[in-house]
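A.B. asks: What follows is the file upload_30.cif, containing mmCIF, C-alpha atoms:
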data_structure
#
loop_
_atom_site.label_atom_id
_atom_site.label_comp_id
_atom_site.auth_asym_id
_atom_site.auth_seq_id
_atom_site.Cartn_x
_atom_site.Cartn_y
_atom_site.Cartn_z
CA MET A 19 160.24 214.76 -0.63
CA ASP A 20 163.52 216.34 -1.48
CA LEU A 21 164.42 219.20 -3.77
CA TYR A 22 166.25 217.00 -6.29
CA PHE A 23 163.11 214.93 -6.94
CA ILE A 24 160.85 217.98 -7.12
CA VAL A 25 163.07 219.83 -9.60
CA PHE A 26 163.38 216.91 -12.01
CA ALA A 27 159.77 215.79 -11.61
CA ILE A 28 158.53 219.27 -12.54
CA MET A 29 161.01 219.34 -15.42
CA ALA A 30 159.74 215.97 -16.68
CA VAL A 31 156.05 216.85 -16.41
CA GLY A 32 156.52 220.30 -17.98
CA ALA A 33 158.53 218.89 -20.86
CA ALA A 34 155.96 216.11 -21.35
CA LEU A 35 153.19 218.73 -21.55
CA PHE A 36 155.26 220.62 -24.12
CA THR A 37 155.80 217.39 -26.07
CA ILE A 38 152.12 216.71 -26.51
CA THR A 39 151.06 220.33 -27.12
CA ALA A 40 153.79 221.59 -29.48
CA ARG A 41 152.50 222.47 -32.93
CA ASP A 42 155.34 220.95 -34.94
CA ALA A 43 157.09 217.64 -34.54
CA LEU A 44 160.59 219.06 -34.06
CA PRO A 45 159.90 221.16 -30.92
CA SER A 46 157.96 218.15 -29.67
CA ALA A 47 161.07 215.99 -30.10
CA LEU A 48 163.12 218.54 -28.13
CA GLY A 49 160.54 218.37 -25.33
CA LEU A 50 160.85 214.60 -25.35
CA LEU A 51 164.64 214.96 -25.10
CA THR A 52 164.16 217.05 -21.95
CA VAL A 53 161.90 214.36 -20.50
CA PHE A 54 164.58 211.73 -21.15
CA ILE A 55 167.29 213.82 -19.47
CA ALA A 56 165.08 214.51 -16.43
CA LEU A 57 164.25 210.81 -16.10
CA ALA A 58 167.95 209.94 -16.36
CA ALA A 59 168.61 212.27 -13.44
CA LEU A 60 165.85 210.55 -11.44
CA TYR A 61 167.37 207.13 -12.23
CA LEU A 62 170.66 208.34 -10.76
CA HIS A 63 168.74 209.24 -7.63
CA LEU A 64 167.21 205.74 -7.53
CA HIS A 65 170.58 203.95 -7.40
CA ALA A 66 170.42 202.96 -11.06
CA PRO A 67 173.49 204.55 -12.68
CA LEU A 68 173.64 202.04 -15.55
CA ILE A 69 170.01 202.70 -16.45
CA ALA A 70 170.71 206.44 -16.37
CA ILE A 71 173.64 206.05 -18.76
CA PHE A 72 171.60 203.88 -21.11
CA GLN A 73 168.70 206.33 -20.90
CA VAL A 74 170.97 209.09 -22.19
CA SER A 75 172.88 207.02 -24.74
CA ILE A 76 170.06 204.84 -26.13
CA TYR A 77 166.98 207.02 -25.75
CA ALA A 78 168.37 210.54 -26.01
CA GLY A 79 171.23 209.47 -28.23
CA ALA A 80 170.02 206.79 -30.62
CA ILE A 81 166.22 206.67 -30.62
CA LEU A 82 165.64 210.41 -30.58
CA VAL A 83 168.23 211.04 -33.29
CA LEU A 84 166.42 208.48 -35.44
CA VAL A 85 163.11 210.23 -34.78
CA VAL A 86 164.61 213.63 -35.65
CA PHE A 87 166.06 212.17 -38.85
CA VAL A 88 162.62 210.92 -39.88
CA ILE A 89 161.06 214.28 -38.97
CA MET A 90 163.54 215.99 -41.29
CA LEU A 91 162.80 213.41 -43.99
CA LEU A 92 159.03 213.66 -43.80
CA ILE A 93 158.60 217.40 -43.34
CA THR A 94 155.28 218.61 -44.77
CA PRO A 95 154.70 222.32 -44.17
CA ASP A 96 151.35 222.65 -45.92
CA GLU A 97 149.47 219.91 -44.11
CA GLU A 98 149.36 221.93 -40.90
CA LEU A 99 146.16 223.68 -39.73
CA GLU A 100 144.00 222.25 -42.49
CA ASN A 101 141.11 220.75 -40.64
CA VAL A 102 141.87 221.63 -37.05
CA GLN A 103 138.31 222.73 -36.44
CA LYS A 104 136.90 219.40 -37.55
CA ASN A 105 139.15 217.59 -35.14
CA MET A 106 138.13 219.58 -32.06
CA SER A 107 135.60 217.07 -30.70
CA TYR A 108 138.21 214.32 -30.87
CA ARG A 109 140.64 216.52 -28.98
CA ILE A 110 138.19 217.25 -26.19
CA LEU A 111 137.17 213.60 -25.95
CA GLY A 112 140.79 212.46 -25.97
CA ALA A 113 141.82 214.96 -23.28
CA PHE A 114 138.84 213.92 -21.17
CA LEU A 115 139.68 210.23 -21.49
CA GLY A 116 143.34 210.89 -20.66
CA ALA A 117 142.43 212.93 -17.57
CA TYR A 118 140.06 210.14 -16.54
CA LEU A 119 142.91 207.64 -16.91
CA ILE A 120 145.20 209.77 -14.72
CA ALA A 121 142.50 210.02 -12.05
CA LEU A 122 141.85 206.28 -12.25
CA LEU A 123 145.54 205.47 -11.88
CA ALA A 124 145.91 207.91 -8.98
CA VAL A 125 142.99 206.29 -7.14
CA GLY A 126 144.01 202.76 -8.07
CA THR A 127 147.58 203.06 -6.82
CA LYS A 128 146.67 204.80 -3.60
CA GLY A 129 147.47 202.02 -1.13
CA VAL A 130 150.37 200.49 -3.03
CA GLN A 131 153.12 201.95 -0.85
CA ASP A 132 151.71 200.07 2.15
CA LEU A 133 151.76 196.76 0.26
CA VAL A 134 155.37 197.08 -0.81
CA LYS A 135 157.74 196.22 1.97
CA SER A 136 160.56 198.71 1.87
CA GLN A 137 163.85 196.84 2.14
CA ALA A 138 167.24 198.07 3.19
CA LEU A 139 169.55 198.32 0.21
CA PRO A 140 172.41 195.80 0.20
CA GLU A 141 175.99 196.90 -0.33
CA GLY A 142 176.72 197.89 -3.91
CA PHE A 143 173.07 197.90 -5.04
CA GLY A 144 172.71 199.02 -8.64
CA HIS A 145 176.34 198.47 -9.53
CA PRO A 146 176.71 197.63 -13.25
CA SER A 147 178.66 194.45 -12.47
CA LEU A 148 175.60 193.08 -10.62
CA ILE A 149 173.38 193.73 -13.64
CA GLY A 150 175.98 192.13 -15.88
CA SER A 151 176.16 188.96 -13.82
CA MET A 152 172.34 188.76 -13.74
CA PHE A 153 172.25 189.10 -17.53
CA PHE A 154 174.62 186.21 -18.07
CA LYS A 155 173.27 183.90 -15.36
CA GLU A 156 169.54 184.17 -14.74
CA TYR A 157 168.52 186.05 -17.88
CA LEU A 158 170.82 184.49 -20.48
CA LEU A 159 167.98 183.10 -22.63
CA HIS A 160 166.10 186.42 -22.52
CA PHE A 161 169.30 188.21 -23.48
CA GLU A 162 169.75 186.00 -26.54
CA VAL A 163 166.10 186.39 -27.53
CA ALA A 164 166.45 190.18 -27.27
CA SER A 165 169.48 190.09 -29.56
CA VAL A 166 167.52 188.05 -32.13
CA LEU A 167 164.65 190.55 -31.83
CA LEU A 168 167.03 193.42 -32.58
CA LEU A 169 168.42 191.55 -35.60
CA VAL A 170 164.91 190.93 -36.95
CA ALA A 171 164.00 194.59 -36.39
CA LEU A 172 167.16 195.65 -38.25
CA VAL A 173 166.33 193.49 -41.27
CA ALA A 174 162.68 194.57 -41.22
CA ALA A 175 163.54 198.27 -41.02
CA ILE A 176 165.96 198.05 -43.95
CA TYR A 177 163.45 196.05 -46.01
CA LEU A 178 160.56 198.44 -45.31
CA ALA A 179 162.48 201.68 -45.84
CA LYS A 180 164.51 200.78 -48.93
CA LYS A 181 163.79 202.48 -52.18
CA LYS A 182 162.16 199.87 -54.41
CA ASN A 183 159.25 198.62 -52.40
CA ILE A 184 156.95 195.71 -53.13
CA MET B 1 164.35 211.03 0.11
CA ALA B 2 161.25 210.77 -2.01
CA GLY B 3 159.21 207.65 -1.25
CA ILE B 4 157.68 205.20 -3.69
CA ASN B 5 154.40 207.10 -3.64
CA GLU B 6 155.82 210.20 -5.30
CA TYR B 7 157.39 208.09 -8.02
CA ILE B 8 154.09 206.29 -8.62
CA ILE B 9 152.27 209.61 -8.97
CA LEU B 10 154.91 211.03 -11.33
CA SER B 11 154.81 207.87 -13.41
CA CYS B 12 151.00 207.95 -13.60
CA ILE B 13 151.05 211.60 -14.69
CA LEU B 14 153.60 210.90 -17.43
CA PHE B 15 151.65 207.86 -18.63
CA GLY B 16 148.42 209.88 -18.69
CA LEU B 17 150.08 212.71 -20.61
CA GLY B 18 151.35 210.18 -23.13
CA THR B 19 147.83 208.80 -23.48
CA ILE B 20 146.37 212.28 -23.96
CA GLY B 21 148.98 213.02 -26.60
CA PHE B 22 148.23 209.75 -28.37
CA LEU B 23 144.48 210.39 -28.38
CA THR B 24 144.48 214.05 -29.35
CA ARG B 25 147.24 214.60 -31.91
CA ARG B 26 147.03 213.90 -35.62
CA ASN B 27 150.71 214.04 -36.54
CA ALA B 28 151.90 210.44 -36.70
CA LEU B 29 155.39 211.41 -35.47
CA ILE B 30 153.97 213.03 -32.35
CA LEU B 31 151.84 209.93 -31.74
CA PHE B 32 155.06 207.98 -31.90
CA MET B 33 156.73 210.21 -29.34
CA SER B 34 153.70 209.90 -27.05
CA VAL B 35 154.18 206.13 -27.06
CA GLU B 36 157.84 206.66 -26.13
CA LEU B 37 156.67 208.84 -23.24
CA MET B 38 154.40 206.06 -21.97
CA LEU B 39 157.22 203.51 -22.20
CA ASN B 40 159.47 205.82 -20.22
CA SER B 41 156.91 206.29 -17.46
CA ILE B 42 156.77 202.50 -17.07
CA ASN B 43 160.56 202.37 -16.88
CA LEU B 44 160.52 204.94 -14.09
CA MET B 45 157.96 202.88 -12.15
CA LEU B 46 160.05 199.70 -12.57
CA VAL B 47 163.24 201.37 -11.34
CA ALA B 48 161.44 202.94 -8.37
CA PHE B 49 160.00 199.56 -7.31
CA SER B 50 163.38 197.93 -7.90
CA GLN B 51 164.93 200.34 -5.39
CA THR B 52 162.12 199.99 -2.85
CA ARG B 53 162.22 196.20 -2.87
CA ALA B 54 166.04 196.04 -3.15
CA ASP B 55 165.63 193.73 -6.14
CA MET B 56 167.81 194.19 -9.21
CA GLY B 57 165.31 192.36 -11.46
CA GLY B 58 163.47 195.61 -12.14
CA GLN B 59 166.56 197.24 -13.57
CA VAL B 60 167.28 194.22 -15.78
CA MET B 61 163.71 194.40 -17.07
CA VAL B 62 164.20 198.09 -17.91
CA LEU B 63 167.19 197.13 -20.05
CA PHE B 64 165.03 194.61 -21.92
CA ILE B 65 162.42 197.32 -22.44
CA PHE B 66 165.19 199.48 -23.93
CA ALA B 67 165.93 196.72 -26.45
CA VAL B 68 162.26 196.29 -27.35
CA ALA B 69 161.80 200.07 -27.63
CA ALA B 70 164.76 200.31 -29.99
CA ALA B 71 163.28 197.57 -32.19
CA GLU B 72 159.86 199.23 -32.06
CA VAL B 73 161.28 202.60 -33.10
CA ALA B 74 163.23 201.12 -36.00
CA VAL B 75 160.28 199.20 -37.43
CA GLY B 76 157.72 201.90 -36.61
CA LEU B 77 159.65 204.66 -38.33
CA ALA B 78 160.25 202.44 -41.35
CA ILE B 79 156.48 201.81 -41.57
CA LEU B 80 155.93 205.55 -41.22
CA ILE B 81 158.27 206.21 -44.16
CA CYS B 82 156.30 203.67 -46.23
CA LEU B 83 153.04 205.36 -45.29
CA PHE B 84 154.48 208.74 -46.18
CA LYS B 85 155.51 207.45 -49.60
CA HIS B 86 151.95 206.24 -50.10
CA ALA B 87 149.97 209.21 -48.77
CA ARG B 88 152.53 212.08 -48.97
CA SER B 89 151.54 213.15 -45.47
CA VAL B 90 152.03 212.28 -41.81
CA ASP B 91 148.43 213.15 -40.93
CA ILE B 92 146.84 210.02 -39.48
CA ASN B 93 143.43 211.00 -40.85
CA LYS B 94 144.82 210.40 -44.34
CA PHE B 95 145.92 206.86 -43.55
CA ASN B 96 142.54 205.31 -44.26
CA VAL B 97 143.17 202.75 -47.00
CA LEU B 98 142.41 199.89 -44.62
CA LYS B 99 139.17 201.38 -43.34
CA TRP B 100 136.77 199.71 -45.78
#
Represent the structure of the file as structure tokens.
C.D. replies:
Amino acid sequence: MDLYFIVFAIMAVGAALFTITARDALPSALGLLTVFIALAALYLHLHAPLIAIFQVSIYAGAILVLVVFVIMLLITPDEELENVQKNMSYRILGAFLGAYLIALLAVGTKGVQDLVKSQALPEGFGHPSLIGSMFFKEYLLHFEVASVLLLVALVAAIYLAKKKNI
Amino acid sequence: MAGINEYIILSCILFGLGTIGFLTRRNALILFMSVELMLNSINLMLVAFSQTRADMGGQVMVLFIFAVAAAEVAVGLAILICLFKHARSVDINKFNVLKW
């Protein structure tokens, strides 16, 4: 374990904790931004520079800005703290179930590193040109389907969010 | 050099935190961000396995997940705006028109 991993792993876990415990949505979004940046740094460490760039530009840049826009649009100051007491049992049950899931995953993935044969990295592993050639050779159909999916999502988002609704 | 095991543990912790956030919060926007957190933990796991197995397929799959996440965010936030217009709130306990 090296220092680089430890620093960014702690940063990611701390920011994730902040994301799910923050009272308002906006601080929560800032916590999520920190998680994205920390994960981008870890991707750089894992020989995935293109993924790191896309993590910053798509997630931290596009998706989070959209979320912050909607937070600004839907701000409701008076709905906070109304029936927090009533919700307490759900919170305890949810936290218990989540902790149980973490424990289950930790136990379930215990022997995985022995099953995975660690391979020596070939020359130029993770170079963007390799990903590009894979996209346009082996994954061409998937690439086209993804573009159609994005088009459909675009049309659906405009239809749902426009002013005069059905 | 951190091995695959550390990345698996980190990914599991992030996924679990996302689950806890999804189960315990009432603000629909924070539920949304918890789902994003879970998606990101899966991306981390895919990239870590891609490096361990020296197989670029994992990184390509992460890029497809980016595309699906972008579509999910666009449609999900549009649905959230519709719900807000209907209920004037982002509290999920108020979204109960489909209950019975």
A.B. asks: Compile the residues of chain B that lie within 8 Å of chain A, evaluated using all atoms listed in the file, and express the compilation as an mmCIF file with C-alpha atoms, keeping the file's coordinate frame.
C.D. replies:
data_model
loop_
_atom_site.group_PDB
_atom_site.id
_atom_site.type_symbol
_atom_site.label_atom_id
_atom_site.label_comp_id
_atom_site.auth_asym_id
_atom_site.auth_seq_id
_atom_site.Cartn_x
_atom_site.Cartn_y
_atom_site.Cartn_z
ATOM 1 C CA MET B 1 164.350 211.030 0.110
ATOM 2 C CA ALA B 2 161.250 210.770 -2.010
ATOM 3 C CA GLY B 3 159.210 207.650 -1.250
ATOM 4 C CA ILE B 4 157.680 205.200 -3.690
ATOM 5 C CA ASN B 5 154.400 207.100 -3.640
ATOM 6 C CA GLU B 6 155.820 210.200 -5.300
ATOM 7 C CA ILE B 8 154.090 206.290 -8.620
ATOM 8 C CA ILE B 9 152.270 209.610 -8.970
ATOM 9 C CA LEU B 10 154.910 211.030 -11.330
ATOM 10 C CA CYS B 12 151.000 207.950 -13.600
ATOM 11 C CA ILE B 13 151.050 211.600 -14.690
ATOM 12 C CA LEU B 14 153.600 210.900 -17.430
ATOM 13 C CA PHE B 15 151.650 207.860 -18.630
ATOM 14 C CA GLY B 16 148.420 209.880 -18.690
ATOM 15 C CA LEU B 17 150.080 212.710 -20.610
ATOM 16 C CA GLY B 18 151.350 210.180 -23.130
ATOM 17 C CA THR B 19 147.830 208.800 -23.480
ATOM 18 C CA ILE B 20 146.370 212.280 -23.960
ATOM 19 C CA GLY B 21 148.980 213.020 -26.600
ATOM 20 C CA LEU B 23 144.480 210.390 -28.380
ATOM 21 C CA THR B 24 144.480 214.050 -29.350
ATOM 22 C CA ARG B 25 147.240 214.600 -31.910
ATOM 23 C CA ASN B 27 150.710 214.040 -36.540
ATOM 24 C CA LEU B 29 155.390 211.410 -35.470
ATOM 25 C CA ILE B 30 153.970 213.030 -32.350
ATOM 26 C CA MET B 33 156.730 210.210 -29.340
ATOM 27 C CA SER B 34 153.700 209.900 -27.050
ATOM 28 C CA LEU B 37 156.670 208.840 -23.240
ATOM 29 C CA ASN B 40 159.470 205.820 -20.220
ATOM 30 C CA LEU B 44 160.520 204.940 -14.090
ATOM 31 C CA VAL B 47 163.240 201.370 -11.340
ATOM 32 C CA ALA B 48 161.440 202.940 -8.370
ATOM 33 C CA GLN B 51 164.930 200.340 -5.390
ATOM 34 C CA THR B 52 162.120 199.990 -2.850
ATOM 35 C CA ARG B 53 162.220 196.200 -2.870
ATOM 36 C CA ALA B 54 166.040 196.040 -3.150
ATOM 37 C CA MET B 56 167.810 194.190 -9.210
ATOM 38 C CA GLN B 59 166.560 197.240 -13.570
ATOM 39 C CA VAL B 60 167.280 194.220 -15.780
ATOM 40 C CA VAL B 62 164.200 198.090 -17.910
ATOM 41 C CA LEU B 63 167.190 197.130 -20.050
ATOM 42 C CA PHE B 64 165.030 194.610 -21.920
ATOM 43 C CA PHE B 66 165.190 199.480 -23.930
ATOM 44 C CA ALA B 67 165.930 196.720 -26.450
ATOM 45 C CA VAL B 68 162.260 196.290 -27.350
ATOM 46 C CA ALA B 70 164.760 200.310 -29.990
ATOM 47 C CA ALA B 71 163.280 197.570 -32.190
ATOM 48 C CA GLU B 72 159.860 199.230 -32.060
ATOM 49 C CA VAL B 73 161.280 202.600 -33.100
ATOM 50 C CA ALA B 74 163.230 201.120 -36.000
ATOM 51 C CA VAL B 75 160.280 199.200 -37.430
ATOM 52 C CA LEU B 77 159.650 204.660 -38.330
ATOM 53 C CA ALA B 78 160.250 202.440 -41.350
ATOM 54 C CA ILE B 79 156.480 201.810 -41.570
ATOM 55 C CA ILE B 81 158.270 206.210 -44.160
ATOM 56 C CA CYS B 82 156.300 203.670 -46.230
ATOM 57 C CA PHE B 84 154.480 208.740 -46.180
ATOM 58 C CA SER B 89 151.540 213.150 -45.470
ATOM 59 C CA VAL B 90 152.030 212.280 -41.810
ATOM 60 C CA ASP B 91 148.430 213.150 -40.930
#
A.B. asks: Report, in Å to a single decimal, how far apart atom CA of A:Ala78 and atom CA of A:Ile55 are.
C.D. replies: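 Between atom CA of A:Ile55 and atom CA of A:Ala78 the gap works out to 7.4 Å.
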A.B. asks: Give me the box for stretch 141-153 of chain A as lines of an AutoDock Vina configuration file, namely the centre and edge lengths in Å to one decimal of a box along x, y and z that holds every listed atom plus 3 Å on each side.
C.D. replies:
center_x = 175.5
center_y = 193.9
center_z = -8.9
size_x = 12.4
size_y = 16.3
size_z = 23.2
A.B. asks: Work out how far apart atom CA of A:Phe36 and atom CA of A:Gly79 are and give it in Å to one decimal.
C.D. replies: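 Here the two named atoms are 19.9 Å from each other.
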A.B. asks: Mind giving me the straight-line distance from atom CA of A:Val74 to atom CA of B:Gly76 in Å, one decimal?
C.D. replies: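 These two atoms are separated by 20.9 Å.
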A.B. asks: Residues at most 8 Å from B:Gly58, counting all atoms listed in the file, excluding those fewer than 6 positions away in the same chain, as a VMD selection string?
C.D. replies: chain B and resid 46 to 47 49 to 50
A.B. asks: If the PyMOL selection byres ((chain B and resi 94) around 12) is run on the structure shown, which residues does it catch, given as a PyMOL selection string?
C.D. replies: (chain A and resi 97+101) or (chain B and resi 26-28+83-84+86-93+95-99)
